[in-house]
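Below is query_14.txt, holding compact mmCIF, C-alpha atoms.
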```
# COMPACT_ATOMS: atom_id res chain seq x y z
CA MET D 1 -6.88 20.85 24.29
CA GLN D 2 -7.33 17.05 24.38
CA VAL D 3 -10.47 15.25 25.54
CA SER D 4 -10.73 11.50 26.13
CA LEU D 5 -13.99 9.93 24.98
CA PRO D 6 -15.52 6.47 25.53
CA MET D 7 -15.25 3.82 22.85
CA ALA D 8 -17.79 3.98 20.05
CA ALA D 9 -21.27 2.64 20.04
CA GLU D 10 -22.09 0.15 17.26
CA SER D 11 -23.93 2.84 15.25
CA HIS D 12 -20.83 4.98 15.06
CA PHE D 13 -17.42 4.66 13.43
CA PRO D 14 -14.65 4.00 15.93
CA CYS D 15 -11.22 5.52 15.47
CA GLU D 16 -8.22 6.20 17.62
CA ARG D 17 -7.89 9.93 17.15
CA LEU D 18 -9.67 12.94 15.67
CA TRP D 19 -8.22 16.35 14.89
CA LEU D 20 -11.13 18.82 14.83
CA ASN D 21 -11.63 22.54 14.15
CA ALA D 22 -8.84 22.64 11.58
CA ASN D 23 -8.12 23.99 8.13
CA LEU D 24 -6.55 21.52 5.72
CA ASP D 25 -4.10 21.91 2.87
CA THR D 26 -4.42 18.36 1.60
CA SER D 27 -1.85 18.25 -1.25
CA SER D 28 -4.54 16.26 -3.05
CA PRO D 29 -7.29 17.09 -5.54
CA SER D 30 -9.42 18.15 -2.56
CA GLY D 31 -7.20 21.22 -2.18
CA ARG D 32 -7.78 23.44 0.84
CA ILE D 33 -10.68 22.81 3.18
CA ALA D 34 -11.98 25.05 5.96
CA ASP D 35 -13.75 23.80 9.11
CA ALA D 36 -12.29 20.37 8.54
CA MET D 37 -11.19 17.33 10.47
CA VAL D 38 -8.82 14.38 10.17
CA ALA D 39 -9.59 10.96 11.60
CA CYS D 40 -6.93 8.32 12.20
CA ASP D 41 -7.10 4.64 13.05
CA LYS D 42 -4.20 2.21 13.32
CA GLY D 43 -1.82 4.85 11.99
CA ARG D 44 -3.85 5.47 8.81
CA ILE D 45 -6.07 8.33 7.70
CA VAL D 46 -9.69 7.19 7.66
CA TYR D 47 -11.14 10.62 6.90
CA ALA D 48 -9.81 14.03 5.91
CA GLY D 49 -12.36 16.59 4.82
CA PRO D 50 -15.15 18.96 5.85
CA ARG D 51 -16.51 18.33 9.30
CA SER D 52 -20.02 18.65 7.93
CA ASP D 53 -19.48 15.66 5.60
CA ALA D 54 -17.79 13.39 8.13
CA PRO D 55 -19.38 10.15 9.28
CA PRO D 56 -20.26 9.89 12.99
CA PHE D 57 -16.84 9.04 14.39
CA VAL D 58 -16.31 8.24 18.03
CA ALA D 59 -12.66 8.47 18.97
CA VAL D 60 -10.54 7.40 21.88
CA GLU D 61 -9.07 10.91 21.76
CA GLU D 62 -10.14 14.20 20.20
CA VAL D 63 -7.76 17.08 19.57
CA ASP D 64 -9.11 20.60 19.10
CA CYS D 65 -6.83 22.33 16.59
CA GLU D 66 -8.35 25.71 17.41
CA GLY D 67 -8.42 26.83 13.79
CA ARG D 68 -4.84 25.85 12.98
CA TRP D 69 -3.76 24.56 9.58
CA ILE D 70 -2.89 20.92 8.93
CA THR D 71 -0.71 19.84 6.02
CA PRO D 72 0.79 16.47 5.27
CA GLY D 73 4.01 15.90 7.16
CA LEU D 74 6.86 17.42 5.17
CA ILE D 75 9.15 15.18 3.10
CA ASP D 76 12.80 15.89 2.32
CA CYS D 77 13.40 13.74 -0.75
CA HIS D 78 17.09 14.54 -1.34
CA THR D 79 19.65 14.68 1.46
CA HIS D 80 23.21 13.61 2.17
CA LEU D 81 22.41 13.73 5.86
CA VAL D 82 24.90 11.05 6.97
CA HIS D 83 28.50 12.23 6.81
CA ALA D 84 31.38 13.24 9.02
CA GLY D 85 33.21 16.54 9.20
CA ASN D 86 32.40 19.79 7.43
CA ARG D 87 33.73 21.83 4.52
CA ALA D 88 33.53 25.38 5.81
CA ARG D 89 37.03 26.04 4.45
CA GLU D 90 35.79 25.37 0.92
CA PHE D 91 33.07 27.95 1.48
CA GLU D 92 35.84 30.46 2.14
CA LEU D 93 37.64 29.39 -1.03
CA ARG D 94 34.49 29.90 -3.09
CA LEU D 95 34.07 33.35 -1.60
CA ALA D 96 37.61 34.06 -2.82
CA GLY D 97 36.65 33.00 -6.35
CA ALA D 98 37.40 29.28 -6.60
CA THR D 99 34.86 27.23 -8.57
CA TYR D 100 33.22 23.96 -7.54
CA GLU D 101 35.24 22.13 -10.20
CA GLU D 102 38.54 23.71 -9.12
CA ILE D 103 38.00 22.73 -5.51
CA ALA D 104 37.06 19.17 -6.48
CA ARG D 105 40.04 18.70 -8.77
CA ALA D 106 42.38 19.99 -6.03
CA GLY D 107 41.29 17.21 -3.68
CA GLY D 108 38.43 19.00 -1.98
CA GLY D 109 34.75 18.48 -2.50
CA ILE D 110 33.27 15.02 -2.12
CA VAL D 111 36.65 13.33 -1.64
CA SER D 112 37.38 15.59 1.34
CA THR D 113 34.20 14.43 3.07
CA MET D 114 35.03 10.84 2.03
CA LYS D 115 38.21 10.91 4.10
CA ALA D 116 36.39 12.13 7.22
CA THR D 117 33.54 9.66 6.72
CA ARG D 118 35.84 6.68 6.24
CA ASP D 119 37.53 7.53 9.53
CA ALA D 120 34.20 7.71 11.39
CA THR D 121 32.57 4.78 13.16
CA GLU D 122 28.90 3.96 12.71
CA GLU D 123 28.28 5.50 16.14
CA ASP D 124 30.09 8.67 15.07
CA LEU D 125 27.96 8.92 11.93
CA VAL D 126 24.70 8.41 13.82
CA SER D 127 25.65 10.93 16.49
CA GLN D 128 26.70 13.64 14.04
CA SER D 129 23.72 13.06 11.75
CA LEU D 130 21.05 13.14 14.45
CA ALA D 131 21.51 16.88 14.95
CA ARG D 132 20.79 17.47 11.27
CA LEU D 133 17.80 15.13 11.34
CA ASP D 134 16.42 16.80 14.45
CA ALA D 135 16.49 20.16 12.68
CA LEU D 136 14.32 18.76 9.88
CA ILE D 137 11.96 17.05 12.32
CA SER D 138 11.54 20.27 14.28
CA GLU D 139 10.02 21.84 11.15
CA GLY D 140 7.50 19.09 10.52
CA ALA D 141 9.45 16.53 8.48
CA THR D 142 8.01 13.04 8.78
CA THR D 143 9.95 11.34 5.94
CA VAL D 144 13.58 11.95 4.98
CA GLU D 145 15.66 10.40 2.21
CA VAL D 146 19.33 9.76 3.06
CA LYS D 147 22.01 8.98 0.50
CA SER D 148 25.32 7.23 0.96
CA GLY D 149 28.18 8.24 -1.34
CA TYR D 150 30.80 9.59 1.04
CA GLY D 151 32.34 6.20 1.82
CA LEU D 152 33.18 5.13 -1.74
CA SER D 153 34.31 1.70 -0.54
CA LEU D 154 32.05 -1.25 0.17
CA ASP D 155 32.66 -1.27 3.92
CA ALA D 156 32.25 2.50 4.30
CA GLU D 157 29.13 2.65 2.14
CA ILE D 158 27.55 -0.15 4.17
CA ARG D 159 28.46 1.71 7.35
CA MET D 160 26.79 4.87 6.04
CA LEU D 161 23.62 3.05 5.05
CA ARG D 162 23.43 1.25 8.37
CA ALA D 163 23.79 4.59 10.13
CA ALA D 164 20.99 6.01 7.98
CA LYS D 165 18.72 3.09 8.85
CA ARG D 166 19.48 3.60 12.52
CA LEU D 167 18.32 7.21 12.32
CA GLY D 168 14.83 5.89 11.65
CA LYS D 169 15.03 3.85 14.85
CA GLU D 170 16.46 6.64 16.98
CA ARG D 171 13.68 9.03 15.93
CA ARG D 172 10.03 8.69 14.99
CA VAL D 173 10.52 9.45 11.30
CA GLY D 174 10.46 7.54 8.04
CA VAL D 175 13.93 7.12 6.52
CA VAL D 176 14.41 6.14 2.87
CA THR D 177 17.94 5.20 1.78
CA SER D 178 19.68 5.61 -1.58
CA PHE D 179 22.99 3.96 -2.48
CA LEU D 180 25.18 6.59 -4.15
CA GLY D 181 28.38 4.69 -4.79
CA ALA D 182 28.71 6.45 -8.17
CA HIS D 183 29.18 9.81 -6.46
CA ALA D 184 32.89 10.44 -6.98
CA LEU D 185 36.06 8.56 -7.83
CA PRO D 186 37.95 7.44 -4.70
CA PRO D 187 41.72 8.03 -4.66
CA GLU D 188 42.61 4.35 -4.86
CA PHE D 189 40.94 4.22 -8.29
CA ALA D 190 42.62 7.38 -9.64
CA GLY D 191 42.82 7.15 -13.43
CA ARG D 192 40.67 3.99 -13.42
CA THR D 193 37.12 5.28 -13.53
CA ASP D 194 35.77 2.30 -15.45
CA ASP D 195 37.33 -0.09 -12.95
CA TYR D 196 35.58 1.73 -10.13
CA ILE D 197 32.25 1.53 -11.93
CA ASP D 198 32.90 -2.21 -12.35
CA HIS D 199 33.38 -2.38 -8.58
CA VAL D 200 30.14 -0.48 -7.97
CA CYS D 201 28.19 -2.73 -10.33
CA THR D 202 29.63 -6.16 -9.58
CA ASP D 203 30.53 -5.88 -5.91
CA MET D 204 28.80 -3.00 -4.16
CA ILE D 205 25.26 -3.08 -5.55
CA PRO D 206 24.87 -6.86 -5.16
CA ALA D 207 26.15 -6.80 -1.57
CA ILE D 208 24.04 -3.81 -0.53
CA ALA D 209 20.94 -5.22 -2.21
CA ALA D 210 21.46 -8.55 -0.42
CA LEU D 211 21.66 -6.74 2.92
CA GLY D 212 18.48 -4.76 2.17
CA LEU D 213 20.19 -1.48 3.01
CA ALA D 214 19.12 0.58 -0.02
CA ASP D 215 15.69 1.54 -1.30
CA ALA D 216 17.12 2.99 -4.55
CA VAL D 217 20.38 3.55 -6.44
CA ASP D 218 21.59 7.05 -7.29
CA GLY D 219 24.49 8.47 -9.30
CA PHE D 220 26.25 11.70 -10.23
CA CYS D 221 26.23 12.19 -14.01
CA GLU D 222 28.54 15.12 -14.63
CA SER D 223 31.91 16.13 -16.09
CA ILE D 224 33.47 15.85 -12.63
CA GLY D 225 31.41 12.76 -11.85
CA PHE D 226 30.58 9.92 -14.22
CA SER D 227 29.65 9.75 -17.89
CA PRO D 228 26.22 8.71 -19.15
CA ALA D 229 27.70 5.39 -20.36
CA GLN D 230 29.10 4.67 -16.91
CA ILE D 231 25.88 5.66 -15.17
CA GLU D 232 23.93 3.40 -17.52
CA ARG D 233 25.99 0.46 -16.31
CA VAL D 234 25.07 1.40 -12.74
CA PHE D 235 21.41 1.56 -13.72
CA MET D 236 21.59 -1.85 -15.38
CA SER D 237 23.06 -3.37 -12.23
CA ALA D 238 20.42 -1.69 -10.07
CA ARG D 239 17.67 -3.04 -12.31
CA ALA D 240 19.18 -6.54 -12.16
CA HIS D 241 18.96 -6.40 -8.37
CA GLY D 242 15.43 -5.02 -8.22
CA LEU D 243 16.30 -1.49 -7.14
CA PRO D 244 14.76 1.67 -8.65
CA VAL D 245 17.06 4.47 -9.77
CA LYS D 246 17.39 8.22 -9.49
CA LEU D 247 20.07 10.64 -10.65
CA HIS D 248 21.95 13.84 -9.97
CA ALA D 249 21.61 15.31 -13.44
CA GLU D 250 22.37 18.52 -15.32
CA GLN D 251 23.68 20.41 -12.31
CA LEU D 252 26.83 21.87 -13.87
CA SER D 253 26.34 21.08 -17.56
CA ASN D 254 23.97 19.25 -19.86
CA SER D 255 25.20 15.65 -19.89
CA HIS D 256 21.76 14.35 -20.96
CA GLY D 257 21.57 12.44 -17.71
CA ALA D 258 17.90 13.21 -17.14
CA ALA D 259 16.92 11.58 -20.43
CA LEU D 260 19.04 8.56 -19.54
CA ALA D 261 17.41 8.33 -16.13
CA ALA D 262 13.98 8.59 -17.69
CA ARG D 263 14.76 5.68 -20.03
CA TYR D 264 15.29 3.56 -16.93
CA GLY D 265 12.07 4.77 -15.33
CA ALA D 266 13.90 6.80 -12.69
CA LEU D 267 11.94 7.95 -9.69
CA SER D 268 13.54 11.38 -9.98
CA ALA D 269 16.17 13.49 -11.69
CA ASP D 270 17.63 16.09 -9.35
CA HIS D 271 19.24 19.56 -9.71
CA LEU D 272 18.43 20.09 -13.44
CA GLU D 273 19.85 23.59 -13.92
CA TYR D 274 21.05 22.69 -17.44
CA LEU D 275 18.13 20.44 -18.39
CA ASP D 276 17.10 20.69 -22.05
CA ALA D 277 13.80 20.21 -23.87
CA ALA D 278 14.58 16.61 -24.81
CA GLY D 279 15.24 15.78 -21.17
CA ILE D 280 11.98 17.38 -20.12
CA GLN D 281 9.99 15.37 -22.67
CA ALA D 282 11.72 12.16 -21.60
CA MET D 283 10.87 12.86 -17.95
CA LYS D 284 7.27 13.62 -18.87
CA ALA D 285 6.94 10.32 -20.73
CA SER D 286 8.45 8.27 -17.90
CA GLY D 287 6.79 10.02 -14.97
CA THR D 288 10.17 10.96 -13.52
CA ILE D 289 9.88 13.68 -10.86
CA ALA D 290 11.96 16.85 -11.20
CA VAL D 291 13.62 17.56 -7.85
CA LEU D 292 14.83 21.15 -7.49
CA LEU D 293 17.54 21.95 -4.96
CA PRO D 294 17.59 25.71 -4.41
CA GLY D 295 19.99 25.45 -1.46
CA ALA D 296 22.79 24.22 -3.71
CA TYR D 297 21.91 26.80 -6.37
CA TYR D 298 22.13 29.55 -3.76
CA PHE D 299 25.18 28.26 -1.90
CA THR D 300 27.33 27.77 -5.01
CA ARG D 301 26.10 31.07 -6.52
CA GLU D 302 24.88 29.32 -9.65
CA THR D 303 23.41 31.58 -12.32
CA GLN D 304 21.77 29.03 -14.63
CA MET D 305 18.22 28.59 -13.38
CA PRO D 306 16.36 25.29 -13.84
CA PRO D 307 13.79 25.49 -16.67
CA VAL D 308 10.85 25.78 -14.30
CA GLY D 309 8.48 27.23 -16.88
CA ALA D 310 9.18 24.44 -19.36
CA LEU D 311 8.76 21.79 -16.67
CA ARG D 312 5.49 23.41 -15.66
CA ASP D 313 4.27 23.57 -19.27
CA ALA D 314 5.10 19.88 -19.74
CA ASN D 315 3.26 18.96 -16.51
CA VAL D 316 6.38 17.36 -15.04
CA PRO D 317 5.78 17.21 -11.27
CA ILE D 318 8.25 19.33 -9.30
CA ALA D 319 9.60 18.45 -5.87
CA VAL D 320 11.76 20.62 -3.62
CA ALA D 321 14.42 19.34 -1.21
CA THR D 322 17.25 20.64 0.96
CA ASP D 323 20.12 18.66 -0.61
CA CYS D 324 21.57 18.79 2.92
CA ASN D 325 25.28 18.13 2.44
CA PRO D 326 28.52 19.51 3.89
CA GLY D 327 29.92 21.13 0.76
CA THR D 328 27.29 22.75 -1.41
CA SER D 329 24.08 22.92 0.62
CA PRO D 330 24.50 22.70 4.41
CA LEU D 331 20.76 23.31 4.72
CA THR D 332 18.52 21.61 7.27
CA SER D 333 15.31 23.62 6.74
CA LEU D 334 12.57 22.61 4.32
CA LEU D 335 10.79 25.87 5.15
CA LEU D 336 13.79 27.85 3.93
CA ALA D 337 14.12 25.55 0.91
CA MET D 338 10.54 26.45 -0.02
CA ASN D 339 11.25 30.14 0.36
CA MET D 340 14.33 29.79 -1.85
CA ALA D 341 12.35 27.85 -4.45
CA ALA D 342 9.81 30.64 -4.56
CA THR D 343 12.22 33.57 -4.58
CA LEU D 344 14.98 32.09 -6.75
CA PHE D 345 12.99 29.80 -9.07
CA ARG D 346 9.62 31.61 -8.95
CA LEU D 347 7.61 28.61 -7.83
CA THR D 348 4.14 29.42 -6.52
CA VAL D 349 3.11 28.75 -2.94
CA ASP D 350 1.07 25.74 -4.05
CA GLU D 351 4.00 24.39 -6.07
CA CYS D 352 6.32 24.76 -3.09
CA LEU D 353 3.94 22.97 -0.75
CA ALA D 354 3.33 20.15 -3.24
CA GLY D 355 7.08 20.03 -3.71
CA VAL D 356 7.71 19.05 -0.08
CA THR D 357 4.67 16.79 0.27
CA ILE D 358 3.01 14.80 -2.51
CA ASN D 359 5.64 15.32 -5.21
CA ALA D 360 8.44 14.61 -2.75
CA ALA D 361 6.65 11.38 -1.85
CA ARG D 362 6.45 10.45 -5.53
CA ALA D 363 10.16 11.16 -5.94
CA LEU D 364 10.75 8.42 -3.35
CA GLY D 365 8.24 5.97 -4.78
CA LEU D 366 5.92 6.62 -1.81
CA GLY D 367 3.10 8.46 -3.54
CA ASN D 368 0.56 5.82 -2.50
CA GLU D 369 1.78 5.79 1.09
CA THR D 370 2.22 9.38 2.25
CA GLY D 371 2.48 12.99 1.08
CA SER D 372 -1.21 13.95 1.05
CA LEU D 373 -4.22 13.91 3.36
CA GLU D 374 -6.17 11.07 1.77
CA ILE D 375 -7.97 8.04 3.14
CA GLY D 376 -5.72 5.02 3.47
CA LYS D 377 -2.44 6.91 3.63
CA SER D 378 -0.14 7.03 6.61
CA CYS D 379 -1.34 9.60 9.13
CA ASP D 380 1.68 11.87 8.82
CA LEU D 381 0.65 15.43 9.67
CA ALA D 382 2.14 18.83 10.42
CA ILE D 383 -0.05 21.23 12.40
CA TRP D 384 0.83 24.90 12.04
CA ASP D 385 0.19 28.16 13.88
CA ILE D 386 -0.45 30.16 10.71
CA GLY D 387 -3.21 32.20 9.17
CA SER D 388 -2.66 30.81 5.67
CA PRO D 389 -0.33 28.29 3.98
CA ALA D 390 1.49 31.14 2.23
CA GLU D 391 3.19 31.90 5.56
CA LEU D 392 5.06 28.60 5.34
CA VAL D 393 6.74 29.85 2.18
CA SER D 394 7.00 33.60 2.78
CA ASN D 395 8.51 33.64 6.27
CA ILE D 396 12.27 33.41 6.78
CA GLY D 397 13.70 32.16 10.06
CA LYS D 398 10.34 31.53 11.71
CA ASN D 399 9.15 28.04 12.60
CA PRO D 400 5.37 28.00 13.15
CA LEU D 401 5.10 24.24 13.77
CA HIS D 402 2.59 23.47 16.53
CA ALA D 403 2.70 19.67 16.39
CA ARG D 404 4.08 16.90 14.22
CA ILE D 405 2.22 13.61 13.83
CA TRP D 406 3.94 10.50 12.49
CA ARG D 407 1.83 7.43 11.75
CA GLY D 408 -0.94 8.76 13.92
CA GLN D 409 1.23 9.45 16.99
```
Show how you would write the structure in this file as structure tokens.
Amino acid sequence: MQVSLPMAAESHFPCERLWLNANLDTSSPSGRIADAMVACDKGRIVYAGPRSDAPPFVAVEEVDCEGRWITPGLIDCHTHLVHAGNRAREFELRLAGATYEEIARAGGGIVSTMKATRDATEEDLVSQSLARLDALISEGATTVEVKSGYGLSLDAEIRMLRAAKRLGKERRVGVVTSFLGAHALPPEFAGRTDDYIDHVCTDMIPAIAALGLADAVDGFCESIGFSPAQIERVFMSARAHGLPVKLHAEQLSNSHGAALAARYGALSADHLEYLDAAGIQAMKASGTIAVLLPGAYYFTRETQMPPVGALRDANVPIAVATDCNPGTSPLTSLLLAMNMAATLFRLTVDECLAGVTINAARALGLGNETGSLEIGKSCDLAIWDIGSPAELVSNIGKNPLHARIWRGQ
């Protein structure tokens, strides 16, 4: 129910919108609050807390939440949302026993998607990617990170990043972009990995930074990707052009990528199945967020679990993301990602919810902007038809979203 009210008298606090009669899961030190309200003005939260403690707001519009729960809008902090084609055939090969490495070395994997993406126009990429974005939005996502990395040439990477930026104009959602040129070796550089890294560092990063298309630089540090020495060169170039870094690290083996990323103050290190104690301590010291990707773990039938207990003991913040990509995690549901994180990795309900809100925001460098219900932050909300927040993690295949609010609208 919505009720329009007159503008405020001078003795009251004017705001644009109030959400009343709600329960809050704030993803902040305030925790969970019953009989609460959220006030918004000019797209920002001006109050989020108990109704009994609220100042005398007078709003242009009041919304009765009828006892529903409000959380911060969900944040998917690791996706490869923009790409062309699919790799369902590789799924069949894995079912028949082929490994990720075997498929990649036979010309499948990332290079397969590269060929389809290079052939796609910017319009094609936007059109195909919107369906994936809409699935995330329908479950309360208000911010989504999108990586490049399937073009692997300057023109194609620029086209991917432009398509990603356009997604944020086609839909009311925040889009954060990461340049992932160091994702795989394109065929034209076969046998010349160092030459390709030179190209990434001296040609691609400077051009993309000059165009303002990337918010961060990412890489794939792995035996079938790039060595720590090569990734360090990428990080040095990113730093020289004022871009923060993040890294796919320790997914298939322990390449000590997380420790390298931490040395460069990385926003996040992602996957982390083979992360060791030294990497955990380095991440703790640098404030690097651990991003867990249970969809990829599940889809590839991995058996090495990320060291969740050790991360927890070291107080390394944990985020959870879909890793939406065509080959190893064709997942477009943060709700299912939370359920997987709980069932496969034994995260608690609170850890899962923080993982797709405040810690996901921190993994994107947006911890001061969004991810929790706190005064001054963007009014990004998800309103749920649930009896308790645990339902967001425990249910499978049910979407209880009642309303999604982005920047107060």
*Taking all atoms listed in the file into account, which of D:Ile205, D:Leu401, D:Leu136, D:Ala277 comes nearest Pro244 in chain D?*
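Ranking D:Ile205, D:Leu401, D:Leu136, D:Ala277 by distance to Pro244 in chain D, first place goes to D:Ile205.
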Proximity of range 132-214 of chain D to range 218-235 of chain D: per-residue shortest pair, 6 Å limit, all atoms listed in the file, as a Markdown table:
```
| residue | atom | partner | partner_atom | distance |
| --- | --- | --- | --- | --- |
| D:Phe179 | CA | D:Asp218 | CA | 5.9 |
| D:Leu180 | CA | D:Asp218 | CA | 4.8 |
| D:Ala182 | CA | D:Gly219 | CA | 4.8 |
| D:His183 | CA | D:Phe220 | CA | 5.1 |
| D:Ala184 | CA | D:Gly225 | CA | 5.6 |
| D:Cys201 | CA | D:Val234 | CA | 5.7 |
```
*asked:* Report as a PyMOL selection string all protein, DNA and RNA residues lying within 7 Å of range 38-46 of chain D, evaluated on all atoms listed in the file, omitting residues in the same chain fewer than 2 positions from it.
replied: chain D and resi 15-20+48-49+374-379+407-408
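Between CA of Ser28 in chain D and CA of Leu336 in chain D the separation is 22.8 Å.
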*Tell me, as a PyMOL selection string, which residues lie within 10 Å of Ala131 in chain D, counting only C-alpha atoms; anything in the same chain fewer than 6 positions away does not count.*
chain D and resi 81+137+332
Prev. selection, C-alpha atoms, output as a tab-separated table (two decimals), keeping the file's coordinate frame:
```
chain	number	residue	atom	x	y	z
D	81	LEU	CA	22.41	13.73	5.86
D	137	ILE	CA	11.96	17.05	12.32
D	332	THR	CA	18.52	21.61	7.27
```
*Is there a way to get, as JSON, numbers by chain, all residues within 12 Å of the point (15.6, 33.0, -1.3) in file coordinates, counting all atoms listed in the file?*
{"D": [293, 294, 295, 296, 297, 298, 299, 301, 335, 336, 337, 338, 339, 340, 341, 342, 343, 344, 345, 346, 347, 393, 394, 395, 396, 397]}
_Gap from CA of Met114 in chain D to CA of Tyr150 in chain D - Å, one decimal_ =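 Going from CA of Met114 in chain D over to CA of Tyr150 in chain D, I get 4.5 Å.
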*May I ask which of the residues D:Ser286, D:Thr328, D:Arg159, D:Ser129 is the closest one to Arg87 in chain D, counting only C-alpha atoms?*
D:Thr328
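When all atoms listed in the file are used to compute distances to Arg51 in chain D, the closest of the residues D:Thr79, D:Ser27, D:Thr348, D:Asn21 turns out to be D:Asn21.
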Mind checking which residues fall within 10 Å of Cys65 in chain D, counting all atoms listed in the file, ignoring those fewer than 5 positions away in the same chain, and posting them as a compact mmCIF listing (two decimals) with C-alpha atoms, keeping the file's coordinate frame?
```txt
# COMPACT_ATOMS: atom_id res chain seq x y z
CA MET D 1 -6.88 20.85 24.29
CA GLN D 2 -7.33 17.05 24.38
CA LEU D 18 -9.67 12.94 15.67
CA TRP D 19 -8.22 16.35 14.89
CA LEU D 20 -11.13 18.82 14.83
CA ASN D 21 -11.63 22.54 14.15
CA ALA D 22 -8.84 22.64 11.58
CA ASN D 23 -8.12 23.99 8.13
CA ALA D 36 -12.29 20.37 8.54
CA MET D 37 -11.19 17.33 10.47
CA ILE D 70 -2.89 20.92 8.93
CA ILE D 383 -0.05 21.23 12.40
CA TRP D 384 0.83 24.90 12.04
CA ASP D 385 0.19 28.16 13.88
CA HIS D 402 2.59 23.47 16.53
CA ALA D 403 2.70 19.67 16.39
```
*asked:* Give me the residues near Val82 in chain D as a PyMOL selection string, where near means some atom within 9 Å (using only C-alpha atoms) and where sequence neighbours in that chain fewer than 3 positions away do not count.
replied: chain D and resi 79+117+125-126+128-130+132+146-148+150+160-161+163-164+325
